[in-house]
file run_14.cif (mmCIF, C-alpha atoms; chains and numbers go by the auth columns)
data_work
loop_
_atom_site.group_PDB
_atom_site.id
_atom_site.type_symbol
_atom_site.label_atom_id
_atom_site.label_comp_id
_atom_site.label_asym_id
_atom_site.label_seq_id
_atom_site.Cartn_x
_atom_site.Cartn_y
_atom_site.Cartn_z
_atom_site.B_iso_or_equiv
_atom_site.auth_seq_id
_atom_site.auth_asym_id
ATOM 1 C CA MET A 1 120.050 71.811 142.237 0.00 98 A
ATOM 2 C CA ARG A 2 123.128 73.606 140.969 0.00 99 A
ATOM 3 C CA LYS A 3 122.307 77.074 139.620 0.00 100 A
ATOM 4 C CA LEU A 4 123.199 77.569 135.984 0.00 101 A
ATOM 5 C CA ARG A 5 125.746 80.210 135.161 0.00 102 A
ATOM 6 C CA GLY A 6 124.416 83.384 133.584 0.00 103 A
ATOM 7 C CA GLY A 7 124.437 83.907 129.860 0.00 104 A
ATOM 8 C CA PRO A 8 126.759 86.276 127.992 0.00 105 A
ATOM 9 C CA LEU A 9 124.594 89.307 128.775 0.00 106 A
ATOM 10 C CA GLU A 10 124.643 88.636 132.510 0.00 107 A
ATOM 11 C CA ARG A 11 128.377 87.917 132.618 0.00 108 A
ATOM 12 C CA THR A 12 129.153 91.427 131.353 0.00 109 A
ATOM 13 C CA GLY A 13 128.227 92.909 134.714 0.00 110 A
ATOM 14 C CA GLY A 14 124.761 93.991 133.584 0.00 111 A
ATOM 15 C CA GLU A 15 125.904 96.431 130.890 0.00 112 A
ATOM 16 C CA GLY A 16 125.170 93.979 128.116 0.00 113 A
ATOM 17 C CA LEU A 17 121.702 93.331 129.509 0.00 114 A
ATOM 18 C CA LYS A 18 121.021 97.063 129.722 0.00 115 A
ATOM 19 C CA SER A 19 122.062 97.551 126.099 0.00 116 A
ATOM 20 C CA PHE A 20 119.912 94.609 125.073 0.00 117 A
ATOM 21 C CA ARG A 21 116.875 96.107 126.802 0.00 118 A
ATOM 22 C CA LYS A 22 117.499 99.424 125.073 0.00 119 A
ATOM 23 C CA ALA A 23 117.673 97.666 121.707 0.00 120 A
ATOM 24 C CA VAL A 24 114.406 95.864 122.435 0.00 121 A
ATOM 25 C CA ALA A 25 112.777 99.171 123.405 0.00 122 A
ATOM 26 C CA ILE A 26 113.823 100.606 120.043 0.00 123 A
ATOM 27 C CA LEU A 27 112.425 97.633 118.118 0.00 124 A
ATOM 28 C CA GLU A 28 109.161 97.871 120.052 0.00 125 A
ATOM 29 C CA ALA A 29 108.785 101.527 119.067 0.00 126 A
ATOM 30 C CA PHE A 30 107.541 100.376 115.652 0.00 127 A
ATOM 31 C CA SER A 31 104.041 99.098 114.944 0.00 128 A
ATOM 32 C CA ILE A 32 101.909 97.961 112.014 0.00 129 A
ATOM 33 C CA ARG A 33 100.260 101.384 111.894 0.00 130 A
ATOM 34 C CA GLU A 34 103.598 103.207 112.156 0.00 131 A
ATOM 35 C CA PRO A 35 106.197 101.021 110.433 0.00 132 A
ATOM 36 C CA ARG A 36 108.523 103.969 109.695 0.00 133 A
ATOM 37 C CA LEU A 37 109.763 106.464 112.274 0.00 134 A
ATOM 38 C CA PRO A 38 112.339 109.279 112.459 0.00 135 A
ATOM 39 C CA LEU A 39 115.171 109.150 114.983 0.00 136 A
ATOM 40 C CA THR A 40 113.591 111.717 117.312 0.00 137 A
ATOM 41 C CA GLU A 41 110.361 109.734 117.596 0.00 138 A
ATOM 42 C CA ILE A 42 112.215 106.457 118.172 0.00 139 A
ATOM 43 C CA ALA A 43 114.307 107.986 120.936 0.00 140 A
ATOM 44 C CA GLN A 44 111.231 109.466 122.602 0.00 141 A
ATOM 45 C CA ARG A 45 109.278 106.196 122.512 0.00 142 A
ATOM 46 C CA ALA A 46 112.230 104.171 123.773 0.00 143 A
ATOM 47 C CA GLY A 47 112.980 106.730 126.504 0.00 144 A
ATOM 48 C CA LEU A 48 116.567 107.204 125.321 0.00 145 A
ATOM 49 C CA PRO A 49 118.831 110.150 124.547 0.00 146 A
ATOM 50 C CA LEU A 50 119.175 110.882 120.838 0.00 147 A
ATOM 51 C CA SER A 51 122.858 109.903 120.801 0.00 148 A
ATOM 52 C CA THR A 52 122.154 106.543 122.489 0.00 149 A
ATOM 53 C CA ALA A 53 119.231 105.760 120.180 0.00 150 A
ATOM 54 C CA HIS A 54 121.329 106.646 117.134 0.00 151 A
ATOM 55 C CA ARG A 55 124.211 104.439 118.287 0.00 152 A
ATOM 56 C CA ILE A 56 121.950 101.445 118.885 0.00 153 A
ATOM 57 C CA LEU A 57 120.132 101.986 115.572 0.00 154 A
ATOM 58 C CA ARG A 58 123.480 101.887 113.768 0.00 155 A
ATOM 59 C CA THR A 59 124.290 98.567 115.436 0.00 156 A
ATOM 60 C CA LEU A 60 120.862 97.110 114.610 0.00 157 A
ATOM 61 C CA HIS A 61 121.202 98.355 111.037 0.00 158 A
ATOM 62 C CA ALA A 62 124.589 96.649 110.702 0.00 159 A
ATOM 63 C CA VAL A 63 123.060 93.247 111.508 0.00 160 A
ATOM 64 C CA GLY A 64 119.925 93.769 109.410 0.00 161 A
ATOM 65 C CA PHE A 65 117.419 94.242 112.246 0.00 162 A
ATOM 66 C CA ILE A 66 116.799 97.844 111.157 0.00 163 A
ATOM 67 C CA ALA A 67 116.607 99.362 107.678 0.00 164 A
ATOM 68 C CA ARG A 68 116.872 103.056 106.854 0.00 165 A
ATOM 69 C CA ASP A 69 115.029 105.090 104.239 0.00 166 A
ATOM 70 C CA ARG A 70 117.703 107.660 103.520 0.00 167 A
ATOM 71 C CA ASP A 71 115.564 109.810 101.250 0.00 168 A
ATOM 72 C CA ARG A 72 113.075 110.368 104.105 0.00 169 A
ATOM 73 C CA ASP A 73 115.578 109.974 106.970 0.00 170 A
ATOM 74 C CA GLN A 74 113.377 107.374 108.636 0.00 171 A
ATOM 75 C CA TYR A 75 113.936 103.911 110.029 0.00 172 A
ATOM 76 C CA ARG A 76 111.931 100.680 109.772 0.00 173 A
ATOM 77 C CA LEU A 77 112.284 97.087 110.906 0.00 174 A
ATOM 78 C CA GLY A 78 114.686 95.064 108.770 0.00 175 A
ATOM 79 C CA LEU A 79 114.137 91.845 106.866 0.00 176 A
ATOM 80 C CA ARG A 80 116.523 89.987 109.185 0.00 177 A
ATOM 81 C CA LEU A 81 113.722 89.998 111.767 0.00 178 A
ATOM 82 C CA LEU A 82 111.414 88.414 109.206 0.00 179 A
ATOM 83 C CA GLU A 83 113.992 85.731 108.501 0.00 180 A
ATOM 84 C CA LEU A 84 114.166 84.907 112.200 0.00 181 A
ATOM 85 C CA GLY A 85 110.389 85.031 112.427 0.00 182 A
ATOM 86 C CA SER A 86 110.089 82.464 109.660 0.00 183 A
ATOM 87 C CA ILE A 87 111.636 79.929 112.041 0.00 184 A
ATOM 88 C CA VAL A 88 108.488 79.999 114.171 0.00 185 A
ATOM 89 C CA LEU A 89 106.018 80.076 111.290 0.00 186 A
ATOM 90 C CA SER A 90 105.395 76.355 111.663 0.00 187 A
ATOM 91 C CA ASN A 91 104.120 77.021 115.177 0.00 188 A
ATOM 92 C CA MET A 92 101.885 79.912 114.220 0.00 189 A
ATOM 93 C CA GLU A 93 98.195 79.138 114.336 0.00 190 A
ATOM 94 C CA LEU A 94 97.546 80.774 110.958 0.00 191 A
ATOM 95 C CA HIS A 95 100.324 78.957 109.164 0.00 192 A
ATOM 96 C CA ARG A 96 99.582 75.614 110.813 0.00 193 A
ATOM 97 C CA GLU A 97 95.847 75.758 110.144 0.00 194 A
ATOM 98 C CA ALA A 98 96.224 77.159 106.622 0.00 195 A
ATOM 99 C CA LEU A 99 98.597 74.588 105.197 0.00 196 A
ATOM 100 C CA PRO A 100 96.028 71.792 104.556 0.00 197 A
ATOM 101 C CA PHE A 101 93.690 74.283 102.859 0.00 198 A
ATOM 102 C CA ILE A 102 96.505 75.627 100.685 0.00 199 A
ATOM 103 C CA GLU A 103 97.579 72.138 99.675 0.00 200 A
ATOM 104 C CA ALA A 104 93.991 71.157 98.801 0.00 201 A
ATOM 105 C CA LEU A 105 93.460 74.318 96.721 0.00 202 A
ATOM 106 C CA ALA A 106 96.741 73.695 94.899 0.00 203 A
ATOM 107 C CA ARG A 107 95.675 70.157 94.044 0.00 204 A
ATOM 108 C CA GLU A 108 92.203 71.206 92.904 0.00 205 A
ATOM 109 C CA SER A 109 93.270 74.204 90.824 0.00 206 A
ATOM 110 C CA GLY A 110 96.640 73.046 89.533 0.00 207 A
ATOM 111 C CA GLU A 111 97.818 76.654 89.931 0.00 208 A
ATOM 112 C CA THR A 112 100.162 78.527 92.256 0.00 209 A
ATOM 113 C CA ILE A 113 98.765 79.345 95.709 0.00 210 A
ATOM 114 C CA HIS A 114 99.961 82.164 97.973 0.00 211 A
ATOM 115 C CA LEU A 115 99.194 82.950 101.614 0.00 212 A
ATOM 116 C CA GLY A 116 100.017 86.540 102.566 0.00 213 A
ATOM 117 C CA ILE A 117 99.922 88.875 105.566 0.00 214 A
ATOM 118 C CA PHE A 118 100.070 92.681 105.730 0.00 215 A
ATOM 119 C CA ASP A 119 102.931 94.522 107.451 0.00 216 A
ATOM 120 C CA GLY A 120 101.348 97.972 107.289 0.00 217 A
ATOM 121 C CA ILE A 121 102.678 98.894 103.856 0.00 218 A
ATOM 122 C CA GLN A 122 103.508 95.709 101.964 0.00 219 A
ATOM 123 C CA VAL A 123 102.124 92.197 101.721 0.00 220 A
ATOM 124 C CA ILE A 124 104.447 89.439 102.905 0.00 221 A
ATOM 125 C CA SER A 125 104.140 85.948 101.446 0.00 222 A
ATOM 126 C CA ILE A 126 104.366 83.385 104.264 0.00 223 A
ATOM 127 C CA GLU A 127 103.487 80.279 102.257 0.00 224 A
ATOM 128 C CA LYS A 128 103.525 79.349 98.588 0.00 225 A
ATOM 129 C CA ILE A 129 102.867 76.196 96.589 0.00 226 A
ATOM 130 C CA ASP A 130 104.015 76.401 92.982 0.00 227 A
ATOM 131 C CA SER A 131 101.971 75.097 90.084 0.00 228 A
ATOM 132 C CA PRO A 132 103.354 71.968 88.402 0.00 229 A
ATOM 133 C CA HIS A 133 102.498 73.690 85.107 0.00 230 A
ATOM 134 C CA GLY A 134 104.826 76.590 85.778 0.00 231 A
ATOM 135 C CA LEU A 135 104.326 80.270 86.656 0.00 232 A
ATOM 136 C CA ALA A 136 106.832 83.043 86.026 0.00 233 A
ATOM 137 C CA SER A 137 106.133 84.796 89.348 0.00 234 A
ATOM 138 C CA ASN A 138 108.868 86.566 91.321 0.00 235 A
ATOM 139 C CA VAL A 139 106.950 86.529 94.637 0.00 236 A
ATOM 140 C CA THR A 140 108.915 84.517 97.198 0.00 237 A
ATOM 141 C CA ILE A 141 108.265 83.499 100.800 0.00 238 A
ATOM 142 C CA GLY A 142 109.419 86.061 103.348 0.00 239 A
ATOM 143 C CA LYS A 143 109.777 88.942 100.905 0.00 240 A
ATOM 144 C CA GLY A 144 107.501 91.928 100.589 0.00 241 A
ATOM 145 C CA ALA A 145 105.455 92.882 97.541 0.00 242 A
ATOM 146 C CA PRO A 146 103.335 95.987 96.904 0.00 243 A
ATOM 147 C CA ALA A 147 99.900 95.747 98.498 0.00 244 A
ATOM 148 C CA TYR A 148 98.224 98.086 95.988 0.00 245 A
ATOM 149 C CA CYS A 149 98.884 96.017 92.856 0.00 246 A
ATOM 150 C CA THR A 150 98.861 92.374 93.961 0.00 247 A
ATOM 151 C CA GLY A 151 95.831 90.166 94.541 0.00 248 A
ATOM 152 C CA VAL A 152 96.807 89.102 98.068 0.00 249 A
ATOM 153 C CA GLY A 153 97.757 92.696 98.856 0.00 250 A
ATOM 154 C CA LYS A 154 94.531 94.307 97.654 0.00 251 A
ATOM 155 C CA ALA A 155 92.446 91.638 99.426 0.00 252 A
ATOM 156 C CA LEU A 156 94.154 92.762 102.654 0.00 253 A
ATOM 157 C CA LEU A 157 94.312 96.491 101.950 0.00 254 A
ATOM 158 C CA ALA A 158 90.562 96.658 101.254 0.00 255 A
ATOM 159 C CA PHE A 159 89.857 95.889 104.908 0.00 256 A
ATOM 160 C CA GLN A 160 92.365 98.291 106.481 0.00 257 A
ATOM 161 C CA PRO A 161 91.480 101.634 108.119 0.00 258 A
ATOM 162 C CA ASP A 162 91.519 104.750 105.942 0.00 259 A
ATOM 163 C CA ASP A 163 94.743 106.027 107.506 0.00 260 A
ATOM 164 C CA VAL A 164 96.564 102.826 106.516 0.00 261 A
ATOM 165 C CA VAL A 165 95.352 103.143 102.911 0.00 262 A
ATOM 166 C CA ALA A 166 96.450 106.783 102.967 0.00 263 A
ATOM 167 C CA ALA A 167 99.910 105.751 104.212 0.00 264 A
ATOM 168 C CA VAL A 168 100.249 103.252 101.356 0.00 265 A
ATOM 169 C CA CYS A 169 99.271 105.967 98.881 0.00 266 A
ATOM 170 C CA ARG A 170 101.824 108.375 100.390 0.00 267 A
ATOM 171 C CA GLN A 171 104.546 105.786 99.833 0.00 268 A
ATOM 172 C CA GLY A 172 103.774 106.098 96.132 0.00 269 A
ATOM 173 C CA LEU A 173 101.754 103.939 93.755 0.00 270 A
ATOM 174 C CA THR A 174 104.604 103.083 91.432 0.00 271 A
ATOM 175 C CA ARG A 175 103.627 101.785 88.015 0.00 272 A
ATOM 176 C CA LYS A 176 104.752 98.151 87.647 0.00 273 A
ATOM 177 C CA THR A 177 102.898 97.420 84.413 0.00 274 A
ATOM 178 C CA PRO A 178 100.553 99.362 82.110 0.00 275 A
ATOM 179 C CA ASN A 179 97.653 97.931 84.197 0.00 276 A
ATOM 180 C CA THR A 180 98.900 99.176 87.587 0.00 277 A
ATOM 181 C CA ILE A 181 96.529 101.504 89.435 0.00 278 A
ATOM 182 C CA THR A 182 98.557 104.629 90.227 0.00 279 A
ATOM 183 C CA SER A 183 95.753 106.998 91.253 0.00 280 A
ATOM 184 C CA PRO A 184 94.777 107.064 94.956 0.00 281 A
ATOM 185 C CA ARG A 185 91.192 107.829 93.950 0.00 282 A
ATOM 186 C CA ARG A 186 91.031 104.838 91.609 0.00 283 A
ATOM 187 C CA LEU A 187 92.681 102.610 94.207 0.00 284 A
ATOM 188 C CA ARG A 188 90.041 103.534 96.794 0.00 285 A
ATOM 189 C CA GLN A 189 87.321 102.767 94.242 0.00 286 A
ATOM 190 C CA GLU A 190 88.939 99.398 93.613 0.00 287 A
ATOM 191 C CA LEU A 191 89.095 98.641 97.351 0.00 288 A
ATOM 192 C CA THR A 192 85.391 99.494 97.697 0.00 289 A
ATOM 193 C CA ARG A 193 84.645 97.055 94.867 0.00 290 A
ATOM 194 C CA ILE A 194 86.714 94.352 96.577 0.00 291 A
ATOM 195 C CA ARG A 195 84.803 94.751 99.835 0.00 292 A
ATOM 196 C CA SER A 196 81.559 94.414 97.910 0.00 293 A
ATOM 197 C CA LEU A 197 82.589 91.337 95.924 0.00 294 A
ATOM 198 C CA GLY A 198 84.594 89.633 98.656 0.00 295 A
ATOM 199 C CA TYR A 199 87.605 89.033 96.433 0.00 296 A
ATOM 200 C CA ALA A 200 90.398 90.896 94.643 0.00 297 A
ATOM 201 C CA VAL A 201 91.871 90.493 91.169 0.00 298 A
ATOM 202 C CA ASP A 202 95.391 91.347 90.084 0.00 299 A
ATOM 203 C CA ASN A 203 94.832 91.710 86.353 0.00 300 A
ATOM 204 C CA MET A 204 98.496 91.775 85.313 0.00 301 A
ATOM 205 C CA GLU A 205 98.995 94.826 87.563 0.00 302 A
ATOM 206 C CA HIS A 206 102.146 93.551 89.280 0.00 303 A
ATOM 207 C CA GLU A 207 103.630 91.343 86.576 0.00 304 A
ATOM 208 C CA ILE A 208 102.878 91.230 82.873 0.00 305 A
ATOM 209 C CA GLY A 209 101.270 87.955 81.916 0.00 306 A
ATOM 210 C CA VAL A 210 100.267 86.949 85.465 0.00 307 A
ATOM 211 C CA ARG A 211 96.686 87.041 86.753 0.00 308 A
ATOM 212 C CA CYS A 212 95.737 86.479 90.400 0.00 309 A
ATOM 213 C CA VAL A 213 92.468 86.065 92.313 0.00 310 A
ATOM 214 C CA ALA A 214 92.545 86.470 96.124 0.00 311 A
ATOM 215 C CA ALA A 215 90.172 86.451 99.094 0.00 312 A
ATOM 216 C CA PRO A 216 90.560 87.671 102.703 0.00 313 A
ATOM 217 C CA ILE A 217 90.930 85.410 105.739 0.00 314 A
ATOM 218 C CA ARG A 218 89.418 86.414 109.092 0.00 315 A
ATOM 219 C CA ASN A 219 90.198 85.380 112.648 0.00 316 A
ATOM 220 C CA HIS A 220 87.783 84.704 115.516 0.00 317 A
ATOM 221 C CA THR A 221 87.130 88.447 115.981 0.00 318 A
ATOM 222 C CA GLY A 222 86.223 88.939 112.313 0.00 319 A
ATOM 223 C CA THR A 223 89.432 90.868 111.638 0.00 320 A
ATOM 224 C CA VAL A 224 91.077 90.264 108.257 0.00 321 A
ATOM 225 C CA ILE A 225 94.506 88.867 109.131 0.00 322 A
ATOM 226 C CA ALA A 226 95.657 87.278 105.858 0.00 323 A
ATOM 227 C CA SER A 227 94.670 86.529 102.291 0.00 324 A
ATOM 228 C CA LEU A 228 94.797 83.552 99.978 0.00 325 A
ATOM 229 C CA SER A 229 95.243 83.589 96.213 0.00 326 A
ATOM 230 C CA ILE A 230 95.333 81.524 93.049 0.00 327 A
ATOM 231 C CA SER A 231 97.881 82.789 90.511 0.00 328 A
ATOM 232 C CA GLY A 232 98.713 81.697 87.013 0.00 329 A
ATOM 233 C CA PRO A 233 99.615 82.845 83.519 0.00 330 A
ATOM 234 C CA ALA A 234 96.942 85.101 82.060 0.00 331 A
ATOM 235 C CA SER A 235 96.823 82.776 79.057 0.00 332 A
ATOM 236 C CA ARG A 236 95.626 80.017 81.402 0.00 333 A
ATOM 237 C CA LEU A 237 93.675 82.126 83.908 0.00 334 A
ATOM 238 C CA ARG A 238 91.483 84.040 81.488 0.00 335 A
ATOM 239 C CA ASP A 239 89.066 86.864 82.328 0.00 336 A
ATOM 240 C CA ALA A 240 86.199 84.427 81.829 0.00 337 A
ATOM 241 C CA ASP A 241 87.705 82.124 84.475 0.00 338 A
ATOM 242 C CA VAL A 242 87.834 84.801 87.209 0.00 339 A
ATOM 243 C CA PRO A 243 84.285 84.314 88.618 0.00 340 A
ATOM 244 C CA ARG A 244 84.786 80.547 88.910 0.00 341 A
ATOM 245 C CA LEU A 245 88.217 80.926 90.510 0.00 342 A
ATOM 246 C CA ALA A 246 86.915 83.651 92.825 0.00 343 A
ATOM 247 C CA GLN A 247 84.216 81.331 94.159 0.00 344 A
ATOM 248 C CA ARG A 248 86.796 78.625 94.795 0.00 345 A
ATOM 249 C CA VAL A 249 89.205 80.974 96.591 0.00 346 A
ATOM 250 C CA LYS A 250 86.409 82.593 98.614 0.00 347 A
ATOM 251 C CA GLU A 251 85.109 79.205 99.712 0.00 348 A
ATOM 252 C CA THR A 252 88.576 78.060 100.799 0.00 349 A
ATOM 253 C CA ALA A 253 89.167 81.344 102.638 0.00 350 A
ATOM 254 C CA ARG A 254 85.760 81.010 104.331 0.00 351 A
ATOM 255 C CA LYS A 255 86.503 77.482 105.536 0.00 352 A
ATOM 256 C CA LEU A 256 89.944 78.515 106.793 0.00 353 A
ATOM 257 C CA SER A 257 88.419 81.506 108.582 0.00 354 A
ATOM 258 C CA GLN A 258 85.948 79.166 110.283 0.00 355 A
ATOM 259 C CA GLN A 259 88.857 76.933 111.307 0.00 356 A
ATOM 260 C CA LEU A 260 90.403 80.007 112.932 0.00 357 A
ATOM 261 C CA GLY A 261 87.188 80.636 114.879 0.00 358 A
ATOM 262 C CA HIS A 262 85.360 83.111 112.654 0.00 359 A
ATOM 263 C CA ARG A 263 81.584 82.852 112.503 0.00 360 A
ATOM 264 C CA SER A 264 79.744 84.783 109.819 0.00 361 A
#
call {"tool": "encode", "arguments": {"input": "run_14.cif", "output": "C-alpha cells"}}
result
Amino acid sequence: MRKLRGGPLERTGGEGLKSFRKAVAILEAFSIREPRLPLTEIAQRAGLPLSTAHRILRTLHAVGFIARDRDRDQYRLGLRLLELGSIVLSNMELHREALPFIEALARESGETIHLGIFDGIQVISIEKIDSPHGLASNVTIGKGAPAYCTGVGKALLAFQPDDVVAAVCRQGLTRKTPNTITSPRRLRQELTRIRSLGYAVDNMEHEIGVRCVAAPIRNHTGTVIASLSISGPASRLRDADVPRLAQRVKETARKLSQQLGHRS
C-alpha cells in the first residue's frame, strides 16, 4: 500500500509539528479548577521559556483560541475552542442522551428549556428549545452566562467544591437586576438551600421579567455534570408555580441521570 504523504505540519521539516505540540501544551495548562492563568504559570506548566510561551499565546489569541483578561494580566481559553467543540456535541453522551428528555419537557411545559454545563466560572448553554409562546431571554447556545445568578448556573454551582465557589465570588458578583445576589455570604446560603431542596430558582436575578427553575444532572459516579431548566416570563411562571415546575424539572433530571448511569 502506498504511504500517504505527510500533512502540512510534517512537510515543514518538523518545525511546524514542534510548534503545534507547544501550542497544545499551552492549551492543556488550563483546567476547570484553574481556568485563568498568568504567563509565568503557563510557561512553567508547558515547559517553555517565557518568550516562547508569550509568542505562542499571541498567535492563539489572534485566532480566538486564547482570551486575555488585561485588567488581571491573565489568560484563559477562548470561545473559538467552544465553537469547534460544538461540532462534536452531537456525539457527546450527555447531549445525545439529554435531547429526548429536553424535547419531552418542552412539549409538556410549553416553556423554554435549557441544558447547561459549568466551565469553572460560568455556565455554558449546550442545548436550548424555545417556547412557542415566546421568551425574551438572551441566553444562547455556546455562550457563557453567570453561574451565580442563573437557574442552570446555581444548580451547578451548589455542587462544586468550596474553592470553586470562592473563585466565582472573587470574579465579582455583579448586579444584573435588583434581585441579583451580590453578597458571597448570601450566595453560599442560597447554594446550601439548593442542595437541600434539589433545585434552584432564578427569580428574575439575571434578567428582569424572566423566572427559571433548574435541577442538577448526575453521571454514573454521582457527580453533577450539567443542569436542566424551565424558563419563562415571570407573568406566566408565577411564584406559586415554582413548586410544581420544580418537581417536573427534578423528575426529568432524575430520569436523565439514570440514563447516564446514576443510581440513587
call {"tool": "residues_around", "arguments": {"input": "run_14.cif", "residues": "Ile210 (chain A)", "least_positions_apart": "4", "cutoff": "6 Å", "atoms": "only C-alpha atoms", "output": "list in words"}}
result
Lys225, Ile226, Ser326 and Ile327 of chain A
call {"tool": "closest_atom_pairs", "arguments": {"input": "run_14.cif", "of": "region 186-207 of chain A", "to": "region 343-357 of chain A", "cutoff": "10 Å", "atoms": "all atoms listed in the file", "output": "JSON lines"}}
result
{"residue": "A:Glu190", "atom": "CA", "partner": "A:Leu357", "partner_atom": "CA", "distance": 8.0}
{"residue": "A:Leu191", "atom": "CA", "partner": "A:Leu357", "partner_atom": "CA", "distance": 7.5}
{"residue": "A:Glu194", "atom": "CA", "partner": "A:Gln356", "partner_atom": "CA", "distance": 7.2}
{"residue": "A:Ala195", "atom": "CA", "partner": "A:Leu353", "partner_atom": "CA", "distance": 6.4}
{"residue": "A:Leu196", "atom": "CA", "partner": "A:Leu353", "partner_atom": "CA", "distance": 9.6}
{"residue": "A:Pro197", "atom": "CA", "partner": "A:Leu353", "partner_atom": "CA", "distance": 9.3}
{"residue": "A:Phe198", "atom": "CA", "partner": "A:Thr349", "partner_atom": "CA", "distance": 6.7}
{"residue": "A:Ile199", "atom": "CA", "partner": "A:Thr349", "partner_atom": "CA", "distance": 8.3}
{"residue": "A:Ala201", "atom": "CA", "partner": "A:Thr349", "partner_atom": "CA", "distance": 9.0}
{"residue": "A:Leu202", "atom": "CA", "partner": "A:Thr349", "partner_atom": "CA", "distance": 7.4}
{"residue": "A:Glu205", "atom": "CA", "partner": "A:Arg345", "partner_atom": "CA", "distance": 9.4}
{"residue": "A:Ser206", "atom": "CA", "partner": "A:Arg345", "partner_atom": "CA", "distance": 8.8}
call {"tool": "residues_around", "arguments": {"input": "run_14.cif", "residues": "Leu124 (chain A)", "least_positions_apart": "5", "cutoff": "9 Å", "atoms": "only C-alpha atoms", "output": "PyMOL selection string"}}
result
chain A and resi 119+139+143+162-163+173-174
call {"tool": "atom_distance", "arguments": {"input": "run_14.cif", "atom1": "CA of Thr277 (chain A)", "atom2": "CA of Tyr245 (chain A)"}}
result
8.5 Å
call {"tool": "residues_around", "arguments": {"input": "run_14.cif", "residues": "Ala244 (chain A)", "least_positions_apart": "4", "cutoff": "10 Å", "atoms": "all atoms listed in the file", "output": "VMD selection string"}}
result
chain A and resid 214 to 221 248 to 255 262 265 270 303
call {"tool": "write_last_selection", "arguments": {"input": "run_14.cif", "atoms": "C-alpha atoms", "output": "short mmCIF file (atom, residue, chain, number, x, y, z; two decimals), in the coordinates of the input"}}
result
data_model
loop_
_atom_site.label_atom_id
_atom_site.label_comp_id
_atom_site.auth_asym_id
_atom_site.auth_seq_id
_atom_site.Cartn_x
_atom_site.Cartn_y
_atom_site.Cartn_z
CA ILE A 214 99.92 88.88 105.57
CA PHE A 215 100.07 92.68 105.73
CA ASP A 216 102.93 94.52 107.45
CA GLY A 217 101.35 97.97 107.29
CA ILE A 218 102.68 98.89 103.86
CA GLN A 219 103.51 95.71 101.96
CA VAL A 220 102.12 92.20 101.72
CA ILE A 221 104.45 89.44 102.90
CA GLY A 248 95.83 90.17 94.54
CA VAL A 249 96.81 89.10 98.07
CA GLY A 250 97.76 92.70 98.86
CA LYS A 251 94.53 94.31 97.65
CA ALA A 252 92.45 91.64 99.43
CA LEU A 253 94.15 92.76 102.65
CA LEU A 254 94.31 96.49 101.95
CA ALA A 255 90.56 96.66 101.25
CA VAL A 262 95.35 103.14 102.91
CA VAL A 265 100.25 103.25 101.36
CA LEU A 270 101.75 103.94 93.76
CA HIS A 303 102.15 93.55 89.28
#
call {"tool": "closest_residue", "arguments": {"input": "run_14.cif", "among": "A:Gln257, A:Thr279, A:Gln268, A:Thr149", "to": "Lys115 (chain A)", "atoms": "all atoms listed in the file"}}
result
A:Thr149
call {"tool": "residues_around", "arguments": {"input": "run_14.cif", "residues": "Glu208 (chain A)", "least_positions_apart": "2", "cutoff": "6 Å", "atoms": "all atoms listed in the file", "output": "list of chain:residue names"}}
result
A:Ala203, A:Ser206, A:Ser228, A:Gly329
call {"tool": "write_last_selection", "arguments": {"input": "run_14.cif", "atoms": "C-alpha atoms", "output": "PDB file, in the coordinates of the input"}}
result
ATOM      1  CA  ALA A 203      96.741  73.695  94.899  1.00  0.00           C
ATOM      2  CA  SER A 206      93.270  74.204  90.824  1.00  0.00           C
ATOM      3  CA  SER A 228     101.971  75.097  90.084  1.00  0.00           C
ATOM      4  CA  GLY A 329      98.713  81.697  87.013  1.00  0.00           C
TER       5      GLY A 329
END
call {"tool": "atom_distance", "arguments": {"input": "run_14.cif", "atom1": "CA of Ala323 (chain A)", "atom2": "CA of Glu125 (chain A)"}}
result
22.3 Å
call {"tool": "atom_distance", "arguments": {"input": "run_14.cif", "atom1": "CA of Thr209 (chain A)", "atom2": "CA of Pro330 (chain A)"}}
result
9.8 Å
call {"tool": "residues_around", "arguments": {"input": "run_14.cif", "residues": "Asn300 (chain A)", "least_positions_apart": "4", "cutoff": "12 Å", "atoms": "only C-alpha atoms", "output": "list of chain:residue names"}}
result
A:Cys246, A:Thr247, A:Gly248, A:Lys251, A:Lys273, A:Thr274, A:Pro275, A:Asn276, A:Thr277, A:Ile278, A:Glu304, A:Ile305, A:Gly306, A:Val307, A:Arg308, A:Cys309, A:Val310, A:Ala311, A:Ser328, A:Gly329, A:Pro330, A:Ala331, A:Ser332, A:Leu334, A:Arg335, A:Asp336, A:Val339
call {"tool": "resolve_selection", "arguments": {"input": "run_14.cif", "expression": "the PyMOL selection byres ((chain A and resi 289) around 12)", "output": "mmCIF file with C-alpha atoms, in the frame of the given file"}}
result
data_model
loop_
_atom_site.group_PDB
_atom_site.id
_atom_site.type_symbol
_atom_site.label_atom_id
_atom_site.label_comp_id
_atom_site.auth_asym_id
_atom_site.auth_seq_id
_atom_site.Cartn_x
_atom_site.Cartn_y
_atom_site.Cartn_z
ATOM 1 C CA LYS A 251 94.531 94.307 97.654
ATOM 2 C CA ALA A 252 92.446 91.638 99.426
ATOM 3 C CA LEU A 254 94.312 96.491 101.950
ATOM 4 C CA ALA A 255 90.562 96.658 101.254
ATOM 5 C CA PHE A 256 89.857 95.889 104.908
ATOM 6 C CA GLN A 257 92.365 98.291 106.481
ATOM 7 C CA ASP A 259 91.519 104.750 105.942
ATOM 8 C CA VAL A 262 95.352 103.143 102.911
ATOM 9 C CA ARG A 282 91.192 107.829 93.950
ATOM 10 C CA ARG A 283 91.031 104.838 91.609
ATOM 11 C CA LEU A 284 92.681 102.610 94.207
ATOM 12 C CA ARG A 285 90.041 103.534 96.794
ATOM 13 C CA GLN A 286 87.321 102.767 94.242
ATOM 14 C CA GLU A 287 88.939 99.398 93.613
ATOM 15 C CA LEU A 288 89.095 98.641 97.351
ATOM 16 C CA ARG A 290 84.645 97.055 94.867
ATOM 17 C CA ILE A 291 86.714 94.352 96.577
ATOM 18 C CA ARG A 292 84.803 94.751 99.835
ATOM 19 C CA SER A 293 81.559 94.414 97.910
ATOM 20 C CA LEU A 294 82.589 91.337 95.924
ATOM 21 C CA GLY A 295 84.594 89.633 98.656
ATOM 22 C CA TYR A 296 87.605 89.033 96.433
ATOM 23 C CA ALA A 297 90.398 90.896 94.643
#
